[in-house]
>>> print(open('structure.cif').read())   # mmCIF, C-alpha atoms
data_data
#
loop_
_atom_site.label_atom_id
_atom_site.label_comp_id
_atom_site.auth_asym_id
_atom_site.auth_seq_id
_atom_site.Cartn_x
_atom_site.Cartn_y
_atom_site.Cartn_z
CA MET V 1 -20.27 27.56 -28.09
CA ALA V 2 -18.75 27.22 -24.70
CA ALA V 3 -19.02 30.08 -22.24
CA PRO V 4 -15.77 31.88 -21.44
CA ALA V 5 -14.05 30.68 -18.30
CA LEU V 6 -14.44 32.97 -15.32
CA ALA V 7 -11.33 34.22 -13.61
CA ALA V 8 -10.59 32.32 -10.44
CA GLU V 9 -10.84 34.25 -7.20
CA ARG V 10 -7.46 34.90 -5.59
CA ASN V 11 -7.15 34.64 -1.83
CA VAL V 12 -5.11 37.41 -0.20
CA ALA V 13 -3.54 37.45 3.27
CA VAL V 14 -2.80 41.00 4.44
CA PHE V 15 -0.56 40.91 7.50
CA ASP V 16 -0.38 43.61 10.14
CA PHE V 17 1.92 46.49 9.27
CA GLU V 18 5.15 46.91 11.20
CA LEU V 19 6.70 50.13 12.48
CA ILE V 20 10.32 50.97 11.69
CA ASP V 21 11.01 53.84 14.06
CA SER V 22 14.41 55.42 13.53
CA SER V 23 13.33 58.73 15.05
CA LEU V 24 15.08 60.32 17.99
CA GLU V 25 11.68 60.64 19.65
CA GLY V 26 11.09 56.89 19.41
CA GLN V 27 14.50 56.17 20.90
CA MET V 28 13.94 58.57 23.79
CA LEU V 29 10.25 58.10 24.59
CA GLY V 30 9.50 54.56 23.42
CA GLU V 31 6.12 53.43 22.12
CA ASP V 32 3.47 56.04 21.35
CA SER V 33 -0.04 54.64 21.90
CA ALA V 34 -1.65 57.00 19.35
CA GLN V 35 0.91 55.97 16.75
CA THR V 36 0.34 52.28 17.56
CA ALA V 37 -3.41 52.79 17.05
CA ARG V 38 -2.69 54.36 13.64
CA LEU V 39 -0.43 51.46 12.71
CA ASP V 40 -3.16 49.00 13.69
CA LYS V 41 -5.50 50.60 11.11
CA MET V 42 -3.19 50.13 8.11
CA ALA V 43 -3.77 46.43 7.39
CA PRO V 44 -7.57 46.53 7.93
CA THR V 45 -7.81 49.48 5.53
CA LEU V 46 -5.83 47.62 2.88
CA ARG V 47 -7.86 44.44 3.47
CA GLU V 48 -11.05 46.37 2.83
CA ASP V 49 -9.64 47.96 -0.34
CA ILE V 50 -8.33 44.70 -1.81
CA GLY V 51 -11.45 42.78 -0.79
CA ALA V 52 -13.62 45.29 -2.66
CA LEU V 53 -11.97 44.34 -5.97
CA PRO V 54 -13.68 41.67 -8.05
CA ASP V 55 -11.89 38.31 -8.04
CA PHE V 56 -10.05 38.90 -4.76
CA ALA V 57 -11.01 37.52 -1.34
CA ILE V 58 -9.37 38.30 1.97
CA VAL V 59 -8.13 35.38 4.07
CA ASP V 60 -8.18 35.65 7.87
CA THR V 61 -4.59 35.81 9.16
CA GLN V 62 -5.62 35.02 12.76
CA PRO V 63 -4.49 31.36 12.60
CA VAL V 64 -0.87 32.43 11.94
CA GLU V 65 -0.92 35.81 13.71
CA ALA V 66 1.11 34.72 16.75
CA ARG V 67 3.84 33.27 14.52
CA ALA V 68 3.83 36.35 12.29
CA LYS V 69 4.14 38.74 15.24
CA LYS V 70 7.30 36.93 16.38
CA GLN V 71 8.97 37.75 13.06
CA ASN V 72 10.12 40.86 11.28
CA LEU V 73 8.13 40.15 8.13
CA GLN V 74 10.33 42.48 6.11
CA ASN V 75 13.46 40.53 6.95
CA CYS V 76 12.60 36.91 7.59
CA GLY V 77 13.29 35.31 4.23
CA ASN V 78 9.73 35.39 2.88
CA CYS V 79 8.21 33.87 6.02
CA ALA V 80 5.00 35.81 5.25
CA VAL V 81 4.69 33.71 2.09
CA THR V 82 4.95 30.56 4.22
CA PHE V 83 2.36 31.87 6.68
CA ALA V 84 0.04 32.84 3.81
CA LYS V 85 0.40 29.39 2.26
CA ASP V 86 -0.49 27.80 5.61
CA ILE V 87 -3.86 29.62 5.60
CA GLY V 88 -4.68 28.98 1.95
CA ALA V 89 -3.78 32.36 0.46
CA ASP V 90 -2.50 32.91 -3.06
CA ILE V 91 -1.03 36.33 -2.28
CA ALA V 92 0.77 37.60 0.85
CA VAL V 93 0.79 41.33 1.60
CA ILE V 94 3.11 42.91 4.14
CA GLY V 95 3.71 46.53 5.02
CA THR V 96 5.66 48.98 7.10
CA VAL V 97 5.48 52.52 8.28
CA GLN V 98 8.94 54.00 8.56
CA LYS V 99 9.18 56.94 10.92
CA VAL V 100 12.17 59.21 10.47
CA SER V 101 10.65 61.97 12.60
CA ASN V 102 7.22 63.36 13.49
CA LEU V 103 7.39 65.24 10.21
CA ILE V 104 8.74 62.56 7.86
CA LEU V 105 7.10 59.13 7.54
CA ASN V 106 6.80 56.58 4.75
CA ILE V 107 4.16 53.89 4.23
CA ASN V 108 5.27 50.82 2.23
CA ALA V 109 3.39 47.73 1.09
CA TYR V 110 4.54 44.65 -0.79
CA ALA V 111 2.58 41.75 -2.29
CA PHE V 112 4.07 38.35 -3.06
CA ASP V 113 2.81 35.42 -5.11
CA VAL V 114 2.61 32.52 -2.66
CA GLY V 115 3.34 29.91 -5.33
CA THR V 116 6.58 31.48 -6.53
CA GLY V 117 7.57 33.80 -3.68
CA LYS V 118 8.09 36.57 -6.22
CA GLN V 119 7.04 40.14 -5.56
CA ILE V 120 4.01 41.01 -7.71
CA ALA V 121 3.08 44.46 -6.38
CA ARG V 122 4.69 47.17 -4.32
CA GLY V 123 4.18 50.77 -3.40
CA SER V 124 5.30 53.59 -1.20
CA ALA V 125 3.75 56.83 -0.01
CA ASP V 126 5.55 59.60 1.83
CA ILE V 127 3.52 61.47 4.41
CA ARG V 128 4.21 64.62 6.35
CA SER V 129 3.16 64.86 10.00
CA ASN V 130 2.39 62.10 12.45
CA THR V 131 -1.40 62.46 12.69
CA ASP V 132 -4.45 60.27 12.18
CA GLU V 133 -5.35 62.29 9.07
CA SER V 134 -1.91 62.06 7.44
CA TRP V 135 -1.66 58.31 7.99
CA GLN V 136 -5.16 57.74 6.58
CA ARG V 137 -4.47 59.95 3.59
CA GLY V 138 -1.18 58.10 3.04
CA ILE V 139 -2.68 54.60 2.97
CA ASP V 140 -5.57 55.86 0.81
CA TYR V 141 -3.12 57.42 -1.66
CA LEU V 142 -0.98 54.28 -1.72
CA TRP V 143 -4.00 52.16 -2.59
CA LYS V 144 -5.74 54.43 -5.09
CA ASN V 145 -2.68 55.69 -6.95
CA VAL V 146 -0.22 52.82 -6.77
CA LEU V 147 -1.38 49.40 -5.57
CA LYS V 148 -4.89 49.23 -7.01
CA THR V 149 -3.74 49.20 -10.64
CA GLN V 150 -1.11 46.59 -9.83
CA PHE V 151 -3.72 44.31 -8.23
CA GLU V 152 -6.15 44.86 -11.10
CA SER V 153 -3.44 43.76 -13.55
CA LEU V 154 -3.07 40.44 -11.72
CA LYS V 155 -6.37 39.11 -13.03
#
>>> encode(input="structure.cif", output="structure tokens")
Amino acid sequence: MAAPALAAERNVAVFDFELIDSSLEGQMLGEDSAQTARLDKMAPTLREDIGALPDFAIVDTQPVEARAKKQNLQNCGNCAVTFAKDIGADIAVIGTVQKVSNLILNINAYAFDVGTGKQIARGSADIRSNTDESWQRGIDYLWKNVLKTQFESLK
């Protein structure tokens, strides 16, 4: 008898999250360095979570980072899929944090199949308060309660 075939590992490119700041504070005061530091932690957290799953490997996005940063990955006609393909990924993940105010924020993440360009996973988590703790709890909730099961079903 032949041994069952093992599932092929899927390479995942998780791009840096983008901020959509429609708050009055953002319009009046501009960039908030503490908020930028929080935003910079979103993609690495998700990379770690996805990379911990069996059959998934994280691809370094550094080779296409400069091109990706010039785009609005949410609105560029699936350019993240093109960037992911260029670095050998099977799945492209993009995300945003939408800030309505210091009290109301929303973390969103989307995964796309690089071969078809179709969305294969998505999730959203509302958070209250603009703090390190709330952002961390939000991305943790998004992974554990929404995205993880979607990724596990991709095997």
>>> residues_around(input="structure.cif", residues="stretch 55-60 of chain V", least_positions_apart="3", cutoff="8 Å", atoms="all atoms listed in the file", output="ChimeraX atom specification")
/V:7-14,47,50-52,63,87-89,155
>>> write_last_selection(input="structure.cif", atoms="C-alpha atoms", output="PDB file, keeping the file's coordinate frame")
ATOM      1  CA  ALA V   7     -11.330  34.220 -13.610  1.00  0.00           C
ATOM      2  CA  ALA V   8     -10.590  32.320 -10.440  1.00  0.00           C
ATOM      3  CA  GLU V   9     -10.840  34.250  -7.200  1.00  0.00           C
ATOM      4  CA  ARG V  10      -7.460  34.900  -5.590  1.00  0.00           C
ATOM      5  CA  ASN V  11      -7.150  34.640  -1.830  1.00  0.00           C
ATOM      6  CA  VAL V  12      -5.110  37.410  -0.200  1.00  0.00           C
ATOM      7  CA  ALA V  13      -3.540  37.450   3.270  1.00  0.00           C
ATOM      8  CA  VAL V  14      -2.800  41.000   4.440  1.00  0.00           C
ATOM      9  CA  ARG V  47      -7.860  44.440   3.470  1.00  0.00           C
ATOM     10  CA  ILE V  50      -8.330  44.700  -1.810  1.00  0.00           C
ATOM     11  CA  GLY V  51     -11.450  42.780  -0.790  1.00  0.00           C
ATOM     12  CA  ALA V  52     -13.620  45.290  -2.660  1.00  0.00           C
ATOM     13  CA  PRO V  63      -4.490  31.360  12.600  1.00  0.00           C
ATOM     14  CA  ILE V  87      -3.860  29.620   5.600  1.00  0.00           C
ATOM     15  CA  GLY V  88      -4.680  28.980   1.950  1.00  0.00           C
ATOM     16  CA  ALA V  89      -3.780  32.360   0.460  1.00  0.00           C
ATOM     17  CA  LYS V 155      -6.370  39.110 -13.030  1.00  0.00           C
TER      18      LYS V 155
END
>>> residues_around(input="structure.cif", residues="stretch 70-72 of chain V", least_positions_apart="3", cutoff="12 Å", atoms="all atoms listed in the file", output="mmCIF file with C-alpha atoms, keeping the file's coordinate frame")
data_model
loop_
_atom_site.group_PDB
_atom_site.id
_atom_site.type_symbol
_atom_site.label_atom_id
_atom_site.label_comp_id
_atom_site.auth_asym_id
_atom_site.auth_seq_id
_atom_site.Cartn_x
_atom_site.Cartn_y
_atom_site.Cartn_z
ATOM 1 C CA PHE V 15 -0.560 40.910 7.500
ATOM 2 C CA ASP V 16 -0.380 43.610 10.140
ATOM 3 C CA PHE V 17 1.920 46.490 9.270
ATOM 4 C CA GLU V 18 5.150 46.910 11.200
ATOM 5 C CA LEU V 19 6.700 50.130 12.480
ATOM 6 C CA ILE V 20 10.320 50.970 11.690
ATOM 7 C CA VAL V 64 -0.870 32.430 11.940
ATOM 8 C CA GLU V 65 -0.920 35.810 13.710
ATOM 9 C CA ALA V 66 1.110 34.720 16.750
ATOM 10 C CA ARG V 67 3.840 33.270 14.520
ATOM 11 C CA ASN V 75 13.460 40.530 6.950
ATOM 12 C CA CYS V 76 12.600 36.910 7.590
ATOM 13 C CA GLY V 77 13.290 35.310 4.230
ATOM 14 C CA ASN V 78 9.730 35.390 2.880
ATOM 15 C CA CYS V 79 8.210 33.870 6.020
ATOM 16 C CA ALA V 80 5.000 35.810 5.250
ATOM 17 C CA PHE V 83 2.360 31.870 6.680
ATOM 18 C CA ILE V 94 3.110 42.910 4.140
ATOM 19 C CA GLY V 95 3.710 46.530 5.020
ATOM 20 C CA THR V 96 5.660 48.980 7.100
#
>>> atom_distance(input="structure.cif", atom1="atom CA of V:Ala68", atom2="atom CA of V:Thr82")
10.0 Å
>>> resolve_selection(input="structure.cif", expression="the PyMOL selection byres ((chain V and resi 121) around 8)", output="NGL selection string")
:V and (110-112 or 119-120 or 122-123 or 147 or 150-151)
>>> closest_atom_pairs(input="structure.cif", of="stretch 18-63 of chain V", to="stretch 126-145 of chain V", cutoff="12 Å", atoms="all atoms listed in the file", output="CSV")
residue,atom,partner,partner_atom,distance
V:Ser23,CA,V:Asn130,CA,11.7
V:Glu25,CA,V:Asn130,CA,11.8
V:Asp32,CA,V:Asn130,CA,10.8
V:Ala34,CA,V:Asp132,CA,8.4
V:Gln35,CA,V:Asn130,CA,7.6
V:Thr36,CA,V:Asp132,CA,10.8
V:Ala37,CA,V:Asp132,CA,9.0
V:Arg38,CA,V:Asp132,CA,6.3
V:Leu39,CA,V:Trp135,CA,8.4
V:Asp40,CA,V:Trp135,CA,11.0
V:Lys41,CA,V:Gln136,CA,8.5
V:Met42,CA,V:Ile139,CA,6.8
V:Ala43,CA,V:Ile139,CA,9.4
V:Pro44,CA,V:Ile139,CA,10.7
V:Thr45,CA,V:Ile139,CA,7.7
V:Leu46,CA,V:Trp143,CA,7.3
V:Arg47,CA,V:Trp143,CA,10.5
V:Glu48,CA,V:Trp143,CA,10.6
V:Asp49,CA,V:Trp143,CA,7.4
V:Ile50,CA,V:Trp143,CA,8.7
V:Ala52,CA,V:Trp143,CA,11.8
V:Leu53,CA,V:Trp143,CA,11.7
